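These notes concern the structure reproduced below.
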2 protein chains.
Amino acid sequence: MNECKISDLSVGQFHEEEYVVTEEMGKEFAEISQDFNSIHLDKEFAEHSRFGQRIVHGMLVGSYISGIIGNKFPGPGSIYMSQTLNFCKPIYYNQKFFIKVEVTKIDKEKHRVMLRTICRDAMDNKLVDGEAKIYIEK
Amino acid sequence: MNECKISDLSVGQFHEEEYVVTEEMGKEFAEISQDFNSIHLDKEFAEHSRFGQRIVHGMLVGSYISGIIGNKFPGPGSIYMSQTLNFCKPIYYNQKFFIKVEVTKIDKEKHRVMLRTICRDAMDNKLVDGEAKIYIEK
């Protein structure tokens, strides 16, 4: 596993991934997170809710952000210090969305990197916004 | 599904749950989050890392917090607005830990409730600390 280096990063560098969450993936995440709330799983219940249909667990987006940081960008060697998540708009099943992780600040002395972590739909609406702080040893 | 009501909540009220994450659960979360970082999955690699052994995905704790909020406390009817997560200490597989969700502020006019979400080990060491903001319609 090649570990990332802080010297390879620069402010403005980013990585973006596309996602679609199916109902099956929603069920799997419900099992894992033990979050069986009807708004995520019960079609009829959700149709009568403020959202009009079932919505994806917000924390699944948090999990994908963590997946990008730990695997792809900056990737292995990143140590997760903190994450903020602001859930702006609901995400529905089978809806395409994008997560972008962008370097906003680098503190080489303290080995810390700030990342903006933003999730948008295909119309560029902000769905989840937040920031991650990571530590990179090398 | 019985929905929670903001009038039933008071500052200081809390709910606590106990967790143990097995290696199998770690593998499942890796599949879901697409985070296959060796620090979570590769025993030998992790033994030579700063942590000395494999660690649990931090965002799995985020997922459990989301599970408590959506299902148990305050429970159905809670709409997740934001979550902060500060990863203070690593969590290892098969280690017992506790997540406590506590009401810290209630704004009945704006229908908003602040929750402190804290994860501790059996020795009372803070593992993950954070805050959630939720909206409760009724």
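By order of appearance in the structure tokens: chains A, B, ..., then residues from 1 within every chain, and ligands from 1 in the order shown.
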Within 9 Å of chain B: residues of chain A, using only C-alpha atoms, as a count of residues only: 40
DSSP-assigned alpha helix (DSSP H) members of range 60-109 of chain B, reported as a ChimeraX atom specification: /B:60-71
Spatial neighbours of Thr22 in chain A, 10 Å, only C-alpha atoms, chain gap at least 4 places, as a list of chain:residue names: A:Gly26, A:Lys27, A:Glu28, A:Val56, A:Tyr92, A:Tyr93, A:Asn94, A:Gln95
Could you please take those selected residues and save N, CA and C atoms as a PDB file, in the first residue's frame?
```pdb
ATOM      1  N   GLY A  26     -29.328   0.575   0.712  1.00  0.00           N
ATOM      2  CA  GLY A  26     -29.955   1.229   1.867  1.00  0.00           C
ATOM      3  C   GLY A  26     -30.281   0.225   2.958  1.00  0.00           C
ATOM      4  N   LYS A  27     -30.782  -0.959   2.528  1.00  0.00           N
ATOM      5  CA  LYS A  27     -31.102  -2.021   3.502  1.00  0.00           C
ATOM      6  C   LYS A  27     -29.844  -2.512   4.198  1.00  0.00           C
ATOM      7  N   GLU A  28     -28.777  -2.677   3.416  1.00  0.00           N
ATOM      8  CA  GLU A  28     -27.507  -3.130   3.992  1.00  0.00           C
ATOM      9  C   GLU A  28     -26.977  -2.124   5.014  1.00  0.00           C
ATOM     10  N   VAL A  56     -32.143   8.313   1.485  1.00  0.00           N
ATOM     11  CA  VAL A  56     -30.903   7.602   1.806  1.00  0.00           C
ATOM     12  C   VAL A  56     -30.419   8.061   3.187  1.00  0.00           C
ATOM     13  N   TYR A  92     -32.296  10.704  -2.588  1.00  0.00           N
ATOM     14  CA  TYR A  92     -33.250   9.617  -2.818  1.00  0.00           C
ATOM     15  C   TYR A  92     -32.544   8.401  -3.408  1.00  0.00           C
ATOM     16  N   TYR A  93     -33.172   7.248  -3.304  1.00  0.00           N
ATOM     17  CA  TYR A  93     -32.602   6.041  -3.913  1.00  0.00           C
ATOM     18  C   TYR A  93     -32.544   6.202  -5.432  1.00  0.00           C
ATOM     19  N   ASN A  94     -31.533   5.610  -6.013  1.00  0.00           N
ATOM     20  CA  ASN A  94     -31.316   5.585  -7.460  1.00  0.00           C
ATOM     21  C   ASN A  94     -31.059   6.965  -8.070  1.00  0.00           C
ATOM     22  N   GLN A  95     -30.742   7.937  -7.212  1.00  0.00           N
ATOM     23  CA  GLN A  95     -30.408   9.291  -7.679  1.00  0.00           C
ATOM     24  C   GLN A  95     -28.888   9.400  -7.767  1.00  0.00           C
TER      25      GLN A  95
END
```
Strand (DSSP E) call set, DSSP backbone run, range 5-108 of chain A, as a PyMOL selection string: chain A and resi 14-20+78-87+96-107
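Using only C-alpha atoms, the nearest neighbour of His15 in chain B within the list B:His111, B:Ile134, B:Lys105, B:Ile99 is B:Ile99.
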All residues 7 Å or closer to Thr104 in chain A, only C-alpha atoms, same chain fewer than 2 positions away omitted, as a PyMOL selection string: chain A and resi 11-12+102+114-116
